[in-house]
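What's in data.tsv: TSV, C-alpha atoms
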```tsv
chain	number	residue	atom	x	y	z
O	734	SER	CA	-83.87	-16.24	19.10
O	735	LYS	CA	-81.73	-16.07	15.96
O	736	ALA	CA	-78.96	-17.87	17.81
O	737	GLU	CA	-80.69	-21.23	18.02
O	738	GLY	CA	-78.21	-23.71	19.40
O	739	LEU	CA	-75.63	-21.04	20.24
O	740	PRO	CA	-74.91	-20.20	23.87
O	741	VAL	CA	-76.21	-17.03	25.42
O	742	ASP	CA	-73.28	-16.36	27.73
O	743	MET	CA	-69.63	-17.26	28.03
O	744	ASN	CA	-70.24	-19.66	30.91
O	745	ASN	CA	-72.56	-21.88	28.91
O	746	ARG	CA	-70.64	-22.21	25.64
O	747	GLU	CA	-71.49	-24.97	23.19
O	748	VAL	CA	-69.36	-23.61	20.37
O	749	GLY	CA	-66.40	-25.71	21.33
O	750	ASP	CA	-63.24	-24.47	22.91
O	751	ASP	CA	-62.65	-21.62	20.54
O	752	HIS	CA	-63.56	-18.22	21.97
O	753	GLN	CA	-62.62	-16.37	18.76
O	754	ILE	CA	-65.18	-18.18	16.59
O	755	TYR	CA	-67.76	-17.70	19.32
O	756	SER	CA	-67.06	-13.95	19.45
O	757	LEU	CA	-67.25	-13.58	15.67
O	758	LEU	CA	-70.51	-15.50	15.35
O	759	ARG	CA	-72.08	-13.77	18.35
O	760	TYR	CA	-71.35	-10.36	16.80
O	761	ILE	CA	-72.72	-11.47	13.43
O	762	ILE	CA	-75.86	-12.97	14.97
O	763	GLU	CA	-76.58	-9.87	17.01
O	764	THR	CA	-76.27	-7.50	14.05
O	765	GLN	CA	-77.97	-9.17	11.10
O	766	SER	CA	-80.83	-11.42	10.00
O	767	THR	CA	-79.09	-14.66	8.99
O	768	SER	CA	-79.39	-17.37	11.62
O	769	PHE	CA	-76.84	-20.01	12.58
O	770	ARG	CA	-77.08	-23.33	14.39
O	771	VAL	CA	-74.05	-25.09	15.80
O	772	LEU	CA	-73.73	-28.72	14.71
O	773	ASP	CA	-71.74	-31.38	16.52
O	774	ARG	CA	-71.24	-33.57	13.46
O	775	ILE	CA	-71.09	-33.35	9.69
O	776	PRO	CA	-74.64	-33.55	8.22
O	777	ASN	CA	-75.50	-36.61	6.11
O	778	CYS	CA	-76.14	-34.51	2.99
O	779	ILE	CA	-72.50	-33.41	3.10
O	780	LEU	CA	-71.20	-36.90	3.88
O	781	ASN	CA	-73.12	-38.17	0.85
O	782	HIS	CA	-71.64	-35.36	-1.26
O	783	ILE	CA	-68.07	-36.27	-0.29
O	784	SER	CA	-68.64	-40.03	-0.20
O	785	GLY	CA	-65.54	-42.00	-1.01
O	786	SER	CA	-63.19	-39.27	0.20
O	787	GLN	CA	-61.94	-40.08	3.68
O	788	VAL	CA	-59.43	-37.21	3.40
O	789	HIS	CA	-62.18	-34.61	2.93
O	790	LYS	CA	-64.18	-36.06	5.83
O	791	GLN	CA	-61.16	-35.95	8.12
O	792	THR	CA	-60.41	-32.39	7.03
O	793	LEU	CA	-63.97	-31.21	7.70
O	794	GLU	CA	-64.02	-32.88	11.13
O	795	GLN	CA	-61.37	-30.37	12.24
O	796	TYR	CA	-63.75	-27.43	11.70
O	797	GLU	CA	-66.53	-25.84	13.71
O	798	ILE	CA	-69.71	-26.60	11.74
O	799	TYR	CA	-72.68	-24.24	11.46
O	800	GLN	CA	-75.97	-24.61	9.64
O	801	VAL	CA	-76.95	-21.32	8.01
O	802	GLN	CA	-80.45	-19.99	7.35
O	803	SER	CA	-80.55	-16.90	5.15
O	804	GLU	CA	-82.92	-14.05	5.64
O	805	GLN	CA	-86.42	-14.88	4.44
O	806	GLU	CA	-86.49	-12.59	1.40
O	807	LYS	CA	-83.30	-14.08	-0.05
O	808	GLU	CA	-84.56	-17.59	0.57
O	809	ILE	CA	-87.88	-16.87	-1.18
O	810	TYR	CA	-86.12	-15.67	-4.36
O	811	PHE	CA	-83.84	-18.70	-4.23
O	812	GLN	CA	-86.74	-21.15	-3.80
O	813	GLN	CA	-88.64	-19.60	-6.71
O	814	ALA	CA	-85.65	-20.03	-9.02
O	815	LYS	CA	-85.02	-23.55	-7.65
O	816	ALA	CA	-88.63	-24.56	-8.39
O	817	GLU	CA	-88.06	-23.61	-12.02
O	818	HIS	CA	-84.56	-25.01	-12.58
O	819	GLY	CA	-83.73	-27.45	-9.77
O	820	SER	CA	-80.53	-27.22	-7.74
O	821	TYR	CA	-77.24	-28.89	-6.87
O	822	TYR	CA	-74.63	-28.63	-4.12
O	823	ALA	CA	-71.14	-27.21	-4.37
O	824	TRP	CA	-68.40	-25.61	-2.26
O	825	HIS	CA	-67.27	-22.01	-1.95
O	826	GLY	CA	-63.89	-21.19	-0.46
O	827	SER	CA	-62.77	-17.71	0.42
O	828	SER	CA	-59.91	-15.98	2.18
O	829	PRO	CA	-60.35	-15.43	5.93
O	830	CYS	CA	-60.64	-11.67	5.38
O	831	ASN	CA	-63.88	-12.24	3.44
O	832	TRP	CA	-65.80	-14.41	5.92
O	833	HIS	CA	-67.01	-11.60	8.15
O	834	ASN	CA	-68.96	-10.04	5.27
O	835	ILE	CA	-69.98	-13.38	3.73
O	836	LEU	CA	-71.56	-14.47	7.02
O	837	ARG	CA	-73.30	-11.11	7.47
O	838	THR	CA	-74.66	-10.65	3.95
O	839	GLY	CA	-74.39	-13.98	2.15
O	840	LEU	CA	-72.44	-14.60	-1.04
O	841	GLN	CA	-72.49	-11.63	-3.39
O	842	VAL	CA	-71.08	-10.96	-6.82
O	843	MET	CA	-68.04	-8.77	-6.11
O	844	SER	CA	-66.42	-9.03	-9.55
O	845	GLY	CA	-65.10	-5.69	-10.73
O	846	SER	CA	-65.58	-4.02	-7.35
O	847	LYS	CA	-63.00	-2.92	-4.81
O	848	TYR	CA	-64.04	-5.96	-2.75
O	849	GLN	CA	-62.98	-8.50	-5.37
O	850	ARG	CA	-60.20	-10.67	-3.89
O	851	ASN	CA	-59.44	-13.12	-6.69
O	852	GLY	CA	-59.36	-12.88	-10.46
O	853	ALA	CA	-62.39	-13.36	-12.65
O	854	ALA	CA	-60.89	-15.66	-15.27
O	855	TYR	CA	-64.32	-16.82	-16.44
O	856	GLY	CA	-66.22	-13.60	-15.97
O	857	GLU	CA	-68.23	-11.91	-13.24
O	858	GLY	CA	-69.97	-14.03	-10.65
O	859	ILE	CA	-69.70	-16.10	-7.52
O	860	TYR	CA	-67.26	-18.95	-8.07
O	861	VAL	CA	-68.24	-22.35	-6.66
O	862	SER	CA	-67.07	-25.87	-7.31
O	863	PRO	CA	-68.27	-29.43	-6.74
O	864	ASP	CA	-64.56	-30.09	-6.00
O	865	PHE	CA	-63.92	-29.61	-2.28
O	866	GLY	CA	-60.15	-29.43	-2.81
O	867	LEU	CA	-60.47	-26.60	-5.32
O	868	ALA	CA	-62.72	-24.60	-2.98
O	869	MET	CA	-60.27	-25.15	-0.12
O	870	SER	CA	-57.46	-23.72	-2.24
O	871	TYR	CA	-59.30	-20.38	-2.13
O	872	SER	CA	-59.67	-20.59	1.66
O	873	ARG	CA	-56.00	-20.08	2.34
O	874	HIS	CA	-54.76	-17.73	5.02
O	875	TYR	CA	-54.06	-14.35	3.47
O	876	ASN	CA	-50.37	-13.43	3.76
O	877	GLY	CA	-50.47	-10.00	2.11
O	878	THR	CA	-50.97	-6.57	3.59
O	879	LEU	CA	-54.76	-6.70	3.71
O	880	GLN	CA	-56.04	-6.36	7.25
O	881	THR	CA	-58.84	-8.74	8.12
O	882	GLN	CA	-61.68	-8.09	10.54
O	883	THR	CA	-61.19	-11.67	11.74
O	884	PRO	CA	-57.40	-12.04	12.10
O	885	GLU	CA	-57.78	-15.17	14.21
O	886	LEU	CA	-59.69	-17.04	11.49
O	887	LYS	CA	-57.38	-19.36	9.54
O	888	THR	CA	-59.76	-20.75	6.97
O	889	GLY	CA	-63.38	-21.19	6.02
O	890	VAL	CA	-65.38	-23.04	3.41
O	891	ALA	CA	-69.11	-23.06	2.69
O	892	PHE	CA	-71.33	-25.88	1.45
O	893	VAL	CA	-73.77	-24.09	-0.84
O	894	GLU	CA	-76.92	-24.89	-2.77
O	895	VAL	CA	-76.94	-23.54	-6.31
O	896	VAL	CA	-79.92	-23.11	-8.64
O	897	ASN	CA	-79.22	-25.15	-11.78
O	898	SER	CA	-79.80	-22.11	-13.97
O	899	PRO	CA	-78.76	-22.11	-17.64
O	900	THR	CA	-77.03	-18.77	-16.90
O	901	ILE	CA	-74.31	-20.53	-14.85
O	902	LEU	CA	-71.03	-20.86	-16.70
O	903	ILE	CA	-69.36	-24.24	-16.13
O	904	LYS	CA	-65.67	-24.64	-16.97
O	905	GLY	CA	-64.55	-28.04	-15.72
O	906	THR	CA	-64.94	-27.96	-11.95
O	907	ILE	CA	-65.37	-24.19	-11.81
O	908	HIS	CA	-68.95	-22.91	-11.82
O	909	VAL	CA	-69.58	-19.17	-12.16
O	910	VAL	CA	-72.92	-18.12	-10.68
O	911	PRO	CA	-73.88	-14.76	-12.24
O	912	ALA	CA	-76.43	-13.60	-9.63
O	913	ASP	CA	-76.58	-13.59	-5.83
O	914	TYR	CA	-80.08	-15.06	-5.62
O	915	LEU	CA	-78.96	-18.24	-7.40
O	916	VAL	CA	-76.78	-19.44	-4.51
O	917	GLN	CA	-77.44	-19.94	-0.79
O	918	ILE	CA	-75.04	-20.99	1.94
O	919	ARG	CA	-76.40	-24.05	3.74
O	920	TYR	CA	-73.43	-24.89	6.00
O	921	VAL	CA	-70.21	-23.15	6.87
O	922	PHE	CA	-67.02	-24.71	8.23
O	923	LEU	CA	-64.68	-22.37	10.12
O	924	MET	CA	-61.27	-22.98	11.69
O	925	THR	CA	-59.12	-20.76	13.87
```
Can you present the structure in this file as structure tokens?
Amino acid sequence: SKAEGLPVDMNNREVGDDHQIYSLLRYIIETQSTSFRVLDRIPNCILNHISGSQVHKQTLEQYEIYQVQSEQEKEIYFQQAKAEHGSYYAWHGSSPCNWHNILRTGLQVMSGSKYQRNGAAYGEGIYVSPDFGLAMSYSRHYNGTLQTQTPELKTGVAFVEVVNSPTILIKGTIHVVPADYLVQIRYVFLMT
């Protein structure tokens, strides 16, 4: 089953007390090829990444945590590029209205399209950062007129693995990844 670790019915929920996250993830799992696994604690690789920041750890402990496995074809392209260039970890924050599509299709370059939600100050690409706080600033609750498919979702942030490609533009703590296959979501943190 693609829903490894997720409950199969409402009477046997392991997703925590939040029915809205459960409903969103169940719909996503039933309609696409990415798989999710519910975690009951923050993985060590993330704790090591945020070591020294008790504030970030306490913030993340408030979220539902899911391990993400992308569809096989995307992962193969990513692993080929990683074998050539290596990789590093970063964060991606996005408005709640974007998480439905991000969880269904993975991170995609939306610069210049009608789906672009933020500016592209450093050019087209997927914006990630090793700075958790910066990524969280993009995860704010949208207060405009845009209708979200997940109105109950307050915020979300992804822990991503990025191929250390020379094509990535780095401006301080902002990293612009120019191609979808160079970044994979490894964990997602969602809060309602």
Can you tell me which residues surround O:Val842 at a distance of at most 8 Å, considering all atoms listed in the file, apart from same-chain residues fewer than 2 positions away, and format the answer as a compact mmCIF listing (two decimals) with C-alpha atoms, in the frame of the given file?
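Heads up, here's the output in around24.txt:
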```txt
# COMPACT_ATOMS: atom_id res chain seq x y z
CA LEU O 840 -72.44 -14.60 -1.04
CA SER O 844 -66.42 -9.03 -9.55
CA GLU O 857 -68.23 -11.91 -13.24
CA GLY O 858 -69.97 -14.03 -10.65
CA ILE O 859 -69.70 -16.10 -7.52
CA PRO O 911 -73.88 -14.76 -12.24
CA ALA O 912 -76.43 -13.60 -9.63
CA ASP O 913 -76.58 -13.59 -5.83
```
query = Between O:Cys830, O:Val771, O:Val893, O:Val909, which is the closest to O:Phe865 once you count all atoms listed in the file?
reply = O:Val893
message = So the first atom is atom CA of O:Ile779 and the second is atom CA of O:Gly819; what is the distance between them in Å, to one decimal place?
response = 18.1 Å
ask   = How far is it from atom CA of O:Gly889 to atom CA of O:Gln813, in Å with one decimal?
value =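 Taking atom CA of O:Gly889 and atom CA of O:Gln813, their separation equals 28.3 Å.
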query = atom CA of O:Ile775 to atom CA of O:Ala823: how many Å, to one decimal?
reply =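 Interatomic distance, atom CA of O:Ile775 to atom CA of O:Ala823: 15.3 Å.
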key: stretch 916-922 of chain O environment, 7 Å, all atoms listed in the file, sequence neighbours closer than 4 positions dropped, as a list in words   =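 Contacts, in chain order: Tyr796, Glu797, Ile798, Tyr799, Gln800, Val801, Gln802, Gly889, Val890, Ala891, Phe892, Val893, Glu894, Val895 and Val896 of chain O.
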request  = Using only C-alpha atoms, find the one residue out of O:Leu772, O:Ser803, O:Val861, O:Tyr914 that sits nearest to O:Tyr822.
outcome  = O:Val861
message = Neighbouring residues of O:Leu902 were defined as those with any atom within 9 Å, considering all atoms listed in the file; residues of the same chain fewer than 5 positions away were excluded. Please report them as number ranges by chain.
response = O: 855-856, 907-911
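Considering all atoms listed in the file, the residue among O:Leu915, O:Pro829, O:Ala854, O:Ile903 positioned nearest to O:Glu808 is O:Leu915.
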